[in-house]
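*Asks:* What follows is protein.cif, made up of mmCIF, C-alpha atoms and all ligand atoms:
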data_my_file
#
loop_
_atom_site.label_atom_id
_atom_site.label_comp_id
_atom_site.auth_asym_id
_atom_site.auth_seq_id
_atom_site.Cartn_x
_atom_site.Cartn_y
_atom_site.Cartn_z
CA MET A 530 85.10 123.54 100.87
CA ASP A 531 83.18 124.13 97.65
CA GLU A 532 85.58 125.35 94.93
CA HIS A 533 83.23 128.32 94.33
CA ALA A 534 83.32 129.26 98.02
CA TYR A 535 87.10 129.72 97.68
CA ALA A 536 86.80 133.25 96.33
CA HIS A 537 90.27 134.17 95.08
CA VAL A 538 90.26 136.49 92.05
CA PRO A 539 93.16 135.23 89.91
CA VAL A 540 95.66 137.81 88.64
CA MET A 541 96.89 138.15 85.00
CA ALA A 542 95.13 134.87 84.26
CA GLY A 543 94.79 135.39 80.49
CA ARG A 544 98.45 136.28 80.05
CA ILE A 545 99.59 133.33 82.19
CA THR A 546 97.47 130.96 80.11
CA ALA A 547 98.95 132.40 76.89
CA LEU A 548 102.50 131.98 78.23
CA LEU A 549 102.07 128.41 79.47
CA LEU A 550 99.73 126.95 76.89
CA PRO A 551 102.29 126.39 74.07
CA ALA A 552 104.28 124.12 76.41
CA LEU A 553 101.20 122.30 77.63
CA ALA A 554 99.46 121.81 74.32
CA GLY A 555 102.47 120.44 72.40
CA PRO A 556 103.39 116.80 71.85
CA THR A 557 104.74 114.97 74.89
CA PRO A 558 107.54 112.42 75.18
CA GLY A 559 106.16 108.97 74.39
CA GLY A 560 102.68 110.45 73.83
CA ARG A 561 102.10 110.63 77.60
CA PRO A 562 99.66 113.25 78.95
CA PRO A 563 101.36 116.62 79.52
CA ARG A 564 101.96 117.53 83.15
CA ARG A 565 101.63 120.90 84.67
CA LYS A 566 102.63 121.83 88.16
CA ASP A 567 101.10 124.65 90.16
CA ALA A 568 102.91 125.92 93.16
CA PRO A 569 100.86 127.13 94.83
CA HIS A 570 97.69 125.58 93.61
CA GLY A 571 95.44 127.44 91.17
CA LEU A 572 91.88 126.67 92.03
CA ALA A 573 89.73 129.25 90.44
CA ARG A 574 88.22 129.84 86.97
CA PRO A 575 91.47 130.17 84.96
CA ALA A 576 92.71 126.91 86.45
CA ARG A 577 89.59 125.29 85.05
CA ALA A 578 89.96 127.19 81.76
CA ARG A 579 93.52 125.88 81.35
CA HIS A 580 92.31 122.36 82.14
CA ASP A 581 89.57 122.61 79.56
CA ALA A 582 91.98 124.03 76.95
CA VAL A 583 94.32 121.03 77.26
CA PRO A 584 92.03 118.11 78.02
CA ARG A 585 94.77 115.45 78.35
CA ARG A 586 96.84 117.48 80.77
CA ARG A 587 97.49 116.33 84.34
CA ARG A 588 98.09 118.82 87.09
CA ILE A 589 99.70 118.88 90.54
CA GLY A 590 98.68 121.67 92.92
CA ILE A 591 100.80 122.57 95.94
CA ASP A 592 99.69 124.86 98.76
CA ALA A 593 100.71 125.24 102.40
CA ASP A 594 97.17 126.28 103.37
CA ALA A 595 94.70 123.56 104.35
CA ALA A 596 91.73 125.67 103.15
CA ALA A 597 93.25 126.01 99.66
CA ILE A 598 93.91 122.28 99.62
CA GLU A 599 90.32 121.54 100.57
CA ALA A 600 89.15 123.64 97.63
CA GLY A 601 91.73 121.84 95.46
CA HIS A 602 90.09 118.53 96.28
CA ALA A 603 86.86 119.90 94.77
CA LEU A 604 88.78 120.62 91.54
CA ALA A 605 90.24 117.10 91.66
CA GLU A 606 86.72 115.68 91.81
CA ARG A 607 85.71 117.68 88.74
CA TYR A 608 88.65 116.25 86.74
CA PRO A 609 88.99 112.64 87.96
CA GLY A 610 92.51 111.22 87.64
CA ARG A 611 93.96 114.52 86.38
CA VAL A 612 94.55 116.56 89.52
CA THR A 613 96.91 115.74 92.40
CA VAL A 614 96.79 118.03 95.40
CA ALA A 615 99.71 118.33 97.83
CA HIS A 616 99.54 120.08 101.20
CA ALA A 617 103.14 121.27 101.45
CA VAL A 618 105.56 124.16 101.21
CA TYR A 619 106.46 124.46 97.55
CA ASP A 620 110.20 123.95 98.00
CA HIS A 621 109.28 120.22 98.07
CA ILE A 622 108.22 120.51 94.42
CA ALA A 623 110.64 117.87 93.07
CA GLU A 624 109.77 115.24 95.69
CA ILE A 625 106.04 115.87 95.18
CA ALA A 626 106.38 115.47 91.40
CA ALA A 627 108.44 112.30 91.85
CA ALA A 628 105.88 110.83 94.27
CA ALA A 629 103.20 111.49 91.64
CA GLY A 630 105.36 109.60 89.11
CA HIS A 631 106.87 112.55 87.19
CA ARG A 632 110.58 113.08 86.59
CA ARG A 633 109.83 116.07 84.33
CA VAL A 634 106.91 118.50 83.91
CA GLN A 635 105.81 120.72 81.00
CA GLY A 636 104.73 123.77 82.99
CA VAL A 637 105.13 125.39 86.39
CA LEU A 638 103.19 128.34 87.74
CA PHE A 639 104.24 130.10 90.93
CA ASP A 640 101.31 132.27 92.06
CA LEU A 641 103.03 133.68 95.12
CA GLY A 642 101.95 135.52 98.24
CA VAL A 643 98.60 135.51 100.00
CA SER A 644 95.19 134.60 98.61
CA SER A 645 92.04 136.69 98.92
CA PRO A 646 90.43 134.08 101.23
CA GLN A 647 93.43 134.41 103.56
CA LEU A 648 93.19 138.22 103.59
CA ASP A 649 89.40 138.26 103.90
CA ASP A 650 89.17 135.76 106.76
CA ALA A 651 89.99 138.10 109.66
CA SER A 652 90.68 135.17 111.99
CA ARG A 653 93.85 134.31 110.01
CA GLY A 654 95.48 137.51 111.30
CA PHE A 655 96.90 138.71 107.93
CA SER A 656 94.96 141.96 107.92
CA TYR A 657 96.09 145.08 109.82
CA ALA A 658 92.62 146.56 109.41
CA GLN A 659 90.56 143.90 111.22
CA ASP A 660 91.01 142.70 114.79
CA ALA A 661 92.17 139.09 115.13
CA PRO A 662 94.75 136.96 116.95
CA LEU A 663 98.28 137.61 115.63
CA ASP A 664 98.64 134.46 113.56
CA MET A 665 99.62 134.95 109.84
CA ARG A 666 100.48 131.28 109.26
CA MET A 667 99.75 130.00 105.77
CA ASP A 668 100.10 126.47 107.11
CA GLN A 669 97.79 126.39 110.12
CA GLY A 670 99.84 123.47 111.53
CA ALA A 671 103.17 125.38 111.57
CA VAL A 672 104.74 126.30 114.90
CA LEU A 673 105.84 129.90 114.28
CA THR A 674 103.11 132.56 114.52
CA ALA A 675 103.29 136.36 114.27
CA GLU A 676 102.47 136.47 118.00
CA ARG A 677 105.59 134.46 118.76
CA VAL A 678 107.78 136.65 116.52
CA VAL A 679 106.44 139.88 118.02
CA ASN A 680 106.68 138.74 121.65
CA THR A 681 109.92 136.71 121.67
CA TYR A 682 112.36 138.07 119.05
CA PRO A 683 115.15 140.28 120.45
CA VAL A 684 114.83 143.94 119.39
CA THR A 685 117.70 143.77 116.88
CA GLU A 686 116.25 140.68 115.24
CA LEU A 687 112.78 142.21 115.10
CA ALA A 688 114.22 145.39 113.59
CA ARG A 689 116.07 143.30 110.96
CA VAL A 690 112.85 141.50 109.96
CA LEU A 691 110.92 144.78 109.63
CA SER A 692 113.71 146.49 107.73
CA GLU A 693 114.65 143.60 105.41
CA TYR A 694 111.21 142.13 104.63
CA GLY A 695 109.12 145.29 104.99
CA GLU A 696 111.70 147.81 103.73
CA GLU A 697 110.52 149.82 106.76
CA LYS A 698 112.57 152.96 107.41
CA PHE A 699 111.48 153.15 111.05
CA ALA A 700 112.17 149.48 111.81
CA ARG A 701 114.33 150.18 114.88
CA ARG A 702 111.82 152.60 116.43
CA ILE A 703 108.96 150.16 115.85
CA ALA A 704 110.94 147.23 117.30
CA GLU A 705 111.84 149.29 120.39
CA LEU A 706 108.24 150.34 121.01
CA ILE A 707 107.07 146.74 120.53
CA ALA A 708 109.62 145.64 123.15
CA ARG A 709 108.38 148.29 125.64
CA GLU A 710 104.73 147.41 125.05
CA ARG A 711 105.20 143.63 125.27
CA ALA A 712 107.01 144.07 128.60
CA ARG A 713 103.77 145.64 129.95
CA GLU A 714 101.51 142.97 128.42
CA PRO A 715 102.04 140.42 125.61
CA ILE A 716 100.85 141.69 122.21
CA THR A 717 98.26 139.22 120.96
CA SER A 718 96.01 141.09 118.53
CA THR A 719 96.43 142.62 115.07
CA LEU A 720 94.81 145.93 116.01
CA ARG A 721 96.97 146.42 119.12
CA LEU A 722 100.07 145.76 117.03
CA SER A 723 99.00 148.11 114.22
CA GLY A 724 98.35 150.82 116.87
CA ILE A 725 101.86 150.35 118.30
CA ILE A 726 103.41 150.54 114.81
CA LYS A 727 101.46 153.72 114.06
CA ASP A 728 102.59 155.31 117.34
CA ALA A 729 106.25 154.45 116.60
CA ILE A 730 106.25 156.19 113.22
CA PRO A 731 106.80 160.00 113.29
CA ALA A 732 103.55 161.88 112.54
CA PRO A 733 104.68 163.49 109.23
CA ALA A 734 105.71 160.06 107.83
CA ARG A 735 102.35 158.58 108.87
CA ARG A 736 100.54 160.83 106.45
CA THR A 737 102.05 159.26 103.33
CA GLY A 738 102.06 155.78 101.81
CA GLY A 739 98.76 154.33 103.09
CA ASN A 740 98.33 152.45 106.36
CA PRO A 741 101.55 152.77 108.40
CA ALA A 742 101.28 149.12 109.53
CA LYS A 743 101.24 147.72 105.97
CA ARG A 744 105.00 147.28 105.56
CA SER A 745 105.49 145.73 109.02
CA PHE A 746 102.61 143.28 108.51
CA GLN A 747 104.15 142.20 105.18
CA ALA A 748 107.49 141.71 106.95
CA LEU A 749 106.00 139.60 109.75
CA ARG A 750 104.07 137.46 107.25
CA ILE A 751 107.25 136.80 105.25
CA GLU A 752 109.13 135.86 108.43
CA VAL A 753 106.37 133.63 109.82
CA ASN A 754 106.10 131.66 106.56
CA ASP A 755 109.78 131.82 105.54
CA GLU A 756 108.42 132.99 102.19
CA LEU A 757 111.69 134.16 100.71
CA GLY A 758 113.64 131.12 101.93
CA ALA A 759 111.06 128.79 100.41
CA LEU A 760 111.08 130.70 97.12
CA ARG A 761 114.90 130.76 96.98
CA ARG A 762 114.93 126.95 97.29
CA ALA A 763 111.89 126.28 95.10
CA LEU A 764 112.85 128.23 91.96
CA PRO A 765 115.98 126.23 91.01
CA ALA A 766 114.18 122.98 91.88
CA ALA A 767 111.25 123.92 89.62
CA LEU A 768 113.52 125.01 86.74
CA ASP A 769 115.39 121.68 86.98
CA LEU A 770 112.07 119.84 86.83
CA LEU A 771 111.04 121.33 83.46
CA ALA A 772 111.30 119.19 80.34
CA PRO A 773 112.89 120.77 77.23
CA GLY A 774 110.25 123.10 75.77
CA GLY A 775 108.64 123.34 79.22
CA ARG A 776 107.72 126.74 80.61
CA LEU A 777 107.71 128.38 84.04
CA ALA A 778 105.76 131.51 85.00
CA ALA A 779 106.11 133.32 88.33
CA LEU A 780 103.73 135.96 89.62
CA ALA A 781 105.30 138.01 92.45
CA TYR A 782 103.46 140.54 94.61
CA HIS A 783 106.28 142.55 96.13
CA SER A 784 109.74 143.67 95.07
CA LEU A 785 111.62 141.19 97.31
CA GLU A 786 109.85 138.21 95.73
CA ASP A 787 110.26 139.67 92.26
CA ARG A 788 113.98 140.25 92.83
CA LEU A 789 114.47 136.56 93.70
CA VAL A 790 112.48 135.47 90.63
CA LYS A 791 114.45 137.83 88.38
CA ARG A 792 117.76 136.60 89.78
CA ALA A 793 116.87 132.90 89.38
CA LEU A 794 115.64 133.36 85.80
CA THR A 795 118.58 135.58 84.83
CA ALA A 796 121.03 132.95 86.12
CA ARG A 797 119.60 130.40 83.67
CA THR A 798 119.10 132.70 80.67
CA THR A 799 122.45 134.49 80.65
CA ASP A 800 125.09 133.45 78.12
CA LYS A 801 128.27 132.64 80.08
CA THR A 802 130.20 131.10 77.18
CA GLN A 803 133.63 132.53 76.43
CA PRO A 804 133.39 134.71 73.30
CA GLY A 805 135.55 133.62 70.37
CA LEU A 806 135.63 129.89 71.20
CA PRO A 807 135.06 127.70 68.12
CA VAL A 808 131.67 125.93 68.16
CA ARG A 809 130.84 122.78 66.21
CA ALA A 810 127.31 122.44 64.79
CA GLY A 811 124.87 120.99 67.36
CA GLU A 812 127.38 121.34 70.20
CA LEU A 813 126.13 122.90 73.43
CA LEU A 814 128.94 125.01 74.87
CA ALA A 815 129.58 124.93 78.61
CA GLY A 816 128.00 128.11 79.96
CA SER A 817 125.43 128.54 77.20
CA PRO A 818 121.98 129.38 78.55
CA SER A 819 119.57 126.53 79.20
CA PHE A 820 116.47 128.74 79.20
CA ARG A 821 115.13 131.69 77.23
CA LEU A 822 113.12 134.58 78.65
CA LEU A 823 109.51 134.86 77.47
CA THR A 824 108.84 138.20 79.16
CA ARG A 825 110.68 141.49 78.71
CA GLY A 826 111.30 142.72 82.23
CA ALA A 827 108.37 142.19 84.57
CA GLU A 828 104.90 142.40 83.03
CA ARG A 829 102.18 144.22 84.98
CA PRO A 830 98.35 143.98 85.01
CA ASP A 831 96.64 146.32 82.51
CA ASP A 832 94.34 149.21 83.48
CA ALA A 833 91.17 147.14 83.06
CA GLU A 834 92.43 144.50 85.50
CA LEU A 835 93.66 147.14 87.97
CA ALA A 836 90.20 148.74 87.93
CA ALA A 837 88.42 145.39 88.37
CA ASN A 838 90.82 143.98 90.98
CA PRO A 839 92.86 146.58 92.90
CA ARG A 840 94.65 143.75 94.75
CA SER A 841 96.44 142.98 91.48
CA ALA A 842 98.27 146.34 91.63
CA SER A 843 101.60 145.00 92.89
CA ALA A 844 101.73 141.93 90.60
CA ARG A 845 104.80 141.33 88.42
CA LEU A 846 104.93 138.43 85.99
CA ARG A 847 108.05 136.79 84.52
CA ALA A 848 108.35 133.59 82.47
CA VAL A 849 110.99 131.36 80.82
CA GLU A 850 111.14 128.36 78.50
CA ARG A 851 113.63 125.50 78.77
CA LEU A 852 115.73 125.14 75.63
CA GLY A 853 116.48 121.85 73.91
CA VAL A 854 114.53 119.18 72.11
CA ALA A 855 112.06 116.95 73.96
CA ALA A 856 113.48 113.39 74.20
C1 LIG B 901 97.93 134.16 95.30
S1 LIG B 901 97.41 132.73 96.14
C2 LIG B 901 97.21 131.50 94.88
C3 LIG B 901 95.84 131.55 94.31
C4 LIG B 901 95.53 130.50 93.25
N1 LIG B 901 96.46 130.58 92.12
C5 LIG B 901 94.07 130.66 92.76
O1 LIG B 901 93.87 131.13 91.63
O2 LIG B 901 93.18 130.33 93.53
C6 LIG B 901 98.89 132.26 96.92
C7 LIG B 901 98.82 130.93 97.68
O3 LIG B 901 100.16 130.58 97.95
C8 LIG B 901 100.21 129.83 99.13
N2 LIG B 901 101.62 129.90 99.57
C9 LIG B 901 102.36 130.98 99.85
N3 LIG B 901 103.62 130.65 100.14
C10 LIG B 901 103.69 129.30 100.03
C11 LIG B 901 104.74 128.34 100.17
N4 LIG B 901 105.97 128.71 100.52
N5 LIG B 901 104.45 127.04 99.95
C12 LIG B 901 103.20 126.65 99.60
N6 LIG B 901 102.17 127.51 99.43
C13 LIG B 901 102.41 128.81 99.65
C14 LIG B 901 99.24 130.55 100.02
O4 LIG B 901 98.78 129.68 101.04
C15 LIG B 901 98.12 130.95 99.03
O5 LIG B 901 97.07 130.02 99.04
#
When written as structure tokens, how does the structure in this file appear?
Ligand SMILES: C[S@@+](CC[C@H](N)C(=O)[O-])C[C@H]1O[C@@H](n2cnc3c(N)ncnc32)[C@H](O)[C@@H]1O
*Replies:*
Amino acid sequence: MDEHAYAHVPVMAGRITALLLPALAGPTPGGRPPRRKDAPHGLARPARARHDAVPRRRRIGIDADAAAIEAGHALAERYPGRVTVAHAVYDHIAEIAAAAGHRRVQGVLFDLGVSSPQLDDASRGFSYAQDAPLDMRMDQGAVLTAERVVNTYPVTELARVLSEYGEEKFARRIAELIARERAREPITSTLRLSGIIKDAIPAPARRTGGNPAKRSFQALRIEVNDELGALRRALPAALDLLAPGGRLAALAYHSLEDRLVKRALTARTTDKTQPGLPVRAGELLAGSPSFRLLTRGAERPDDAELAANPRSASARLRAVERLGVAA
């Protein structure tokens, strides 16, 4: 795929570049080229802008989606020897870096969630507004599809997924109606499912909060791709991978993702030392934070970006820097 044909509009790109660039542009241990890791892979204009801003930098892009990886190969061709592309779930971040010869990296960007190409290609089944097979896999080779979840999960399990990952108030009612409908005929299309969800939600509640299927589709997508599990495993691995002075930015698109990011960053930036203990100069006390926060709370896109790209509306950006002196 041509990198230009991969039409994802990047979110908060300028701010992300400003947050990561100090770590990428600085001196590197032994004068080796700085390394930056993208999980998932940034392919569009800002990715190129960050490359051009730090010409010696090498980059590793990770994405579970074969189409994103294909576009990543086009970027690799533009910057020979500087881009490694890995088709994987990003919780393998440490192994992928090690295989590329890196024990430490200077920057990590998590640009989470779905891409515009995934949403816009109806055949991928992510959209509740266009008819398609119920798929929703980011990795087209994975076994679990939304069709399998919807047609095989017991009602209680289905209700848990919709309630936990979609924060859907009517999860039980929706799960029960799905079970009745699938007993008549398996549910195989996005539009049939969104119709069932709509019918399960009481009429007054349907009139608020946009498309009534939105929350359930988000929940199914998270379940199909184990998005929260992968993020829970990937964040500590990525933080451990950062060199002193290295920076990590994470762009989340819903509150469940953002909560995990916040928790992981807070765990590393909170001072757990016992107050009153004597400290010798240069000594790092057990429990002292190993990272500092670069963002105050979660940063949001500004009005200009919201107007230009309404899909950025739910984005929340957080970033940290690893403390200590580069060896
Ligand atoms: C918002 S898009 C990234 C867009 C990219 N930064 C750009 O500018 O083109 C999110 C990407 O994350 C990928 N993704 C989501 N969860 C993933 C996971 N657990 N492991 C690997 N990739 C994942 C999706 O396939 C999608 O391509």
*Asks:* Neighbours of ligand LIG 901 (chain B) at 9 Å or closer, counting all atoms listed in the file: which residues, as a ChimeraX atom specification?
*Replies:* /A:535-540,542,567-576,591-598,600-601,616-621,638-647,666-668,751,754-760,763,780-782
*Asks:* Considering all atoms listed in the file, return as a compact mmCIF listing (two decimals) with C-alpha atoms, in the coordinates of the input whatever protein or nucleic-acid residues lie within 9 Å of Ala658 of chain A, sequence-local ones (same chain, fewer than 6 positions apart) excluded.
*Replies:*
# COMPACT_ATOMS: atom_id res chain seq x y z
CA ALA A 651 89.99 138.10 109.66
CA THR A 719 96.43 142.62 115.07
CA LEU A 720 94.81 145.93 116.01
CA SER A 723 99.00 148.11 114.22
CA ASN A 740 98.33 152.45 106.36
*Asks:* Could you check the closest approach to Val637 of chain A for each of A:Arg750, A:Arg653, A:Arg851, A:Arg792 and tell me which residue wins, using only C-alpha atoms?
*Replies:* A:Arg851
*Asks:* Produce a table with one row for each residue of segment 723-832 of chain A that has an atom at most 7 Å from any atom of segment 672-690 of chain A, each row naming the nearest atom pair and its distance in Å at one decimal; use only C-alpha atoms; arrange rows by chain and rising residue number; format as a Markdown table.
*Replies:*
| residue | atom | partner | partner_atom | distance |
| --- | --- | --- | --- | --- |
| A:Ala748 | CA | A:Val690 | CA | 6.2 |
| A:Leu749 | CA | A:Ala675 | CA | 6.2 |
| A:Glu752 | CA | A:Val690 | CA | 6.9 |
| A:Val753 | CA | A:Thr674 | CA | 5.8 |
*Asks:* Restricting the calculation to all atoms listed in the file, which member of A:His783, A:Arg588, A:Arg736, A:Arg632 is positioned closest to Ala615 of chain A?
*Replies:*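 Looking at the shortest contact to Ala615 of chain A, the residue is A:Arg588.
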*Asks:* Generate the missing atoms of segment 839-850 of chain A up to all heavy atoms and report them as a PDB file, in the coordinates of the input.
*Replies:*
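The resulting file, out-v7.pdb, is shown below:
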ATOM      1  N   PRO A 839      91.763 145.746  92.392  1.00  0.00           N
ATOM      2  CA  PRO A 839      92.860 146.580  92.900  1.00  0.00           C
ATOM      3  C   PRO A 839      93.951 145.771  93.589  1.00  0.00           C
ATOM      4  O   PRO A 839      95.095 146.211  93.659  1.00  0.00           O
ATOM      5  CB  PRO A 839      92.164 147.518  93.890  1.00  0.00           C
ATOM      6  CG  PRO A 839      90.708 147.473  93.536  1.00  0.00           C
ATOM      7  CD  PRO A 839      90.434 146.139  92.922  1.00  0.00           C
ATOM      8  N   ARG A 840      93.621 144.570  94.100  1.00  0.00           N
ATOM      9  CA  ARG A 840      94.650 143.750  94.750  1.00  0.00           C
ATOM     10  C   ARG A 840      95.717 143.269  93.776  1.00  0.00           C
ATOM     11  O   ARG A 840      96.757 142.761  94.186  1.00  0.00           O
ATOM     12  CB  ARG A 840      94.009 142.540  95.436  1.00  0.00           C
ATOM     13  CG  ARG A 840      93.426 142.882  96.775  1.00  0.00           C
ATOM     14  CD  ARG A 840      92.813 141.669  97.439  1.00  0.00           C
ATOM     15  NE  ARG A 840      92.265 142.053  98.734  1.00  0.00           N
ATOM     16  CZ  ARG A 840      91.451 141.294  99.448  1.00  0.00           C
ATOM     17  NH1 ARG A 840      91.071 140.112  98.985  1.00  0.00           N
ATOM     18  NH2 ARG A 840      90.997 141.710 100.607  1.00  0.00           N
ATOM     19  N   SER A 841      95.451 143.415  92.469  1.00  0.00           N
ATOM     20  CA  SER A 841      96.440 142.980  91.480  1.00  0.00           C
ATOM     21  C   SER A 841      97.549 144.021  91.293  1.00  0.00           C
ATOM     22  O   SER A 841      98.523 143.775  90.574  1.00  0.00           O
ATOM     23  CB  SER A 841      95.761 142.696  90.126  1.00  0.00           C
ATOM     24  OG  SER A 841      95.311 143.922  89.551  1.00  0.00           O
ATOM     25  N   ALA A 842      97.401 145.191  91.941  1.00  0.00           N
ATOM     26  CA  ALA A 842      98.270 146.340  91.630  1.00  0.00           C
ATOM     27  C   ALA A 842      99.762 146.033  91.736  1.00  0.00           C
ATOM     28  O   ALA A 842     100.556 146.564  90.964  1.00  0.00           O
ATOM     29  CB  ALA A 842      97.920 147.510  92.531  1.00  0.00           C
ATOM     30  N   SER A 843     100.158 145.208  92.701  1.00  0.00           N
ATOM     31  CA  SER A 843     101.600 145.000  92.890  1.00  0.00           C
ATOM     32  C   SER A 843     102.144 143.830  92.060  1.00  0.00           C
ATOM     33  O   SER A 843     103.342 143.531  92.146  1.00  0.00           O
ATOM     34  CB  SER A 843     101.890 144.777  94.379  1.00  0.00           C
ATOM     35  OG  SER A 843     101.104 143.691  94.832  1.00  0.00           O
ATOM     36  N   ALA A 844     101.300 143.167  91.283  1.00  0.00           N
ATOM     37  CA  ALA A 844     101.730 141.930  90.600  1.00  0.00           C
ATOM     38  C   ALA A 844     102.781 142.193  89.511  1.00  0.00           C
ATOM     39  O   ALA A 844     102.719 143.189  88.796  1.00  0.00           O
ATOM     40  CB  ALA A 844     100.522 141.240  89.976  1.00  0.00           C
ATOM     41  N   ARG A 845     103.752 141.275  89.448  1.00  0.00           N
ATOM     42  CA  ARG A 845     104.800 141.330  88.420  1.00  0.00           C
ATOM     43  C   ARG A 845     105.002 139.920  87.896  1.00  0.00           C
ATOM     44  O   ARG A 845     105.290 139.010  88.667  1.00  0.00           O
ATOM     45  CB  ARG A 845     106.114 141.831  89.010  1.00  0.00           C
ATOM     46  CG  ARG A 845     106.094 143.265  89.520  1.00  0.00           C
ATOM     47  CD  ARG A 845     107.350 143.481  90.361  1.00  0.00           C
ATOM     48  NE  ARG A 845     107.495 144.840  90.849  1.00  0.00           N
ATOM     49  CZ  ARG A 845     106.964 145.281  91.975  1.00  0.00           C
ATOM     50  NH1 ARG A 845     106.224 144.494  92.730  1.00  0.00           N
ATOM     51  NH2 ARG A 845     107.178 146.525  92.371  1.00  0.00           N
ATOM     52  N   LEU A 846     104.893 139.766  86.592  1.00  0.00           N
ATOM     53  CA  LEU A 846     104.930 138.430  85.990  1.00  0.00           C
ATOM     54  C   LEU A 846     106.191 138.255  85.134  1.00  0.00           C
ATOM     55  O   LEU A 846     106.517 139.111  84.313  1.00  0.00           O
ATOM     56  CB  LEU A 846     103.679 138.249  85.108  1.00  0.00           C
ATOM     57  CG  LEU A 846     103.562 136.958  84.304  1.00  0.00           C
ATOM     58  CD1 LEU A 846     103.429 135.736  85.218  1.00  0.00           C
ATOM     59  CD2 LEU A 846     102.346 137.022  83.377  1.00  0.00           C
ATOM     60  N   ARG A 847     106.889 137.142  85.340  1.00  0.00           N
ATOM     61  CA  ARG A 847     108.050 136.790  84.520  1.00  0.00           C
ATOM     62  C   ARG A 847     107.915 135.326  84.103  1.00  0.00           C
ATOM     63  O   ARG A 847     107.354 134.519  84.850  1.00  0.00           O
ATOM     64  CB  ARG A 847     109.376 136.957  85.286  1.00  0.00           C
ATOM     65  CG  ARG A 847     109.649 138.389  85.729  1.00  0.00           C
ATOM     66  CD  ARG A 847     110.946 138.481  86.543  1.00  0.00           C
ATOM     67  NE  ARG A 847     111.063 139.782  87.154  1.00  0.00           N
ATOM     68  CZ  ARG A 847     111.675 140.837  86.610  1.00  0.00           C
ATOM     69  NH1 ARG A 847     112.256 140.717  85.417  1.00  0.00           N
ATOM     70  NH2 ARG A 847     111.745 141.993  87.240  1.00  0.00           N
ATOM     71  N   ALA A 848     108.471 134.977  82.929  1.00  0.00           N
ATOM     72  CA  ALA A 848     108.350 133.590  82.470  1.00  0.00           C
ATOM     73  C   ALA A 848     109.557 133.207  81.621  1.00  0.00           C
ATOM     74  O   ALA A 848     110.188 134.058  80.978  1.00  0.00           O
ATOM     75  CB  ALA A 848     107.074 133.411  81.662  1.00  0.00           C
ATOM     76  N   VAL A 849     109.883 131.899  81.634  1.00  0.00           N
ATOM     77  CA  VAL A 849     110.990 131.360  80.820  1.00  0.00           C
ATOM     78  C   VAL A 849     110.568 130.043  80.175  1.00  0.00           C
ATOM     79  O   VAL A 849     109.607 129.405  80.609  1.00  0.00           O
ATOM     80  CB  VAL A 849     112.256 131.069  81.661  1.00  0.00           C
ATOM     81  CG1 VAL A 849     112.964 132.342  82.071  1.00  0.00           C
ATOM     82  CG2 VAL A 849     111.952 130.195  82.859  1.00  0.00           C
ATOM     83  N   GLU A 850     111.344 129.670  79.142  1.00  0.00           N
ATOM     84  CA  GLU A 850     111.140 128.360  78.500  1.00  0.00           C
ATOM     85  C   GLU A 850     112.460 127.609  78.515  1.00  0.00           C
ATOM     86  O   GLU A 850     113.522 128.192  78.258  1.00  0.00           O
ATOM     87  CB  GLU A 850     110.696 128.562  77.049  1.00  0.00           C
ATOM     88  CG  GLU A 850     110.465 127.257  76.313  1.00  0.00           C
ATOM     89  CD  GLU A 850     110.101 127.489  74.861  1.00  0.00           C
ATOM     90  OE1 GLU A 850     111.029 127.799  74.066  1.00  0.00           O
ATOM     91  OE2 GLU A 850     108.912 127.390  74.525  1.00  0.00           O
TER      92      GLU A 850
END
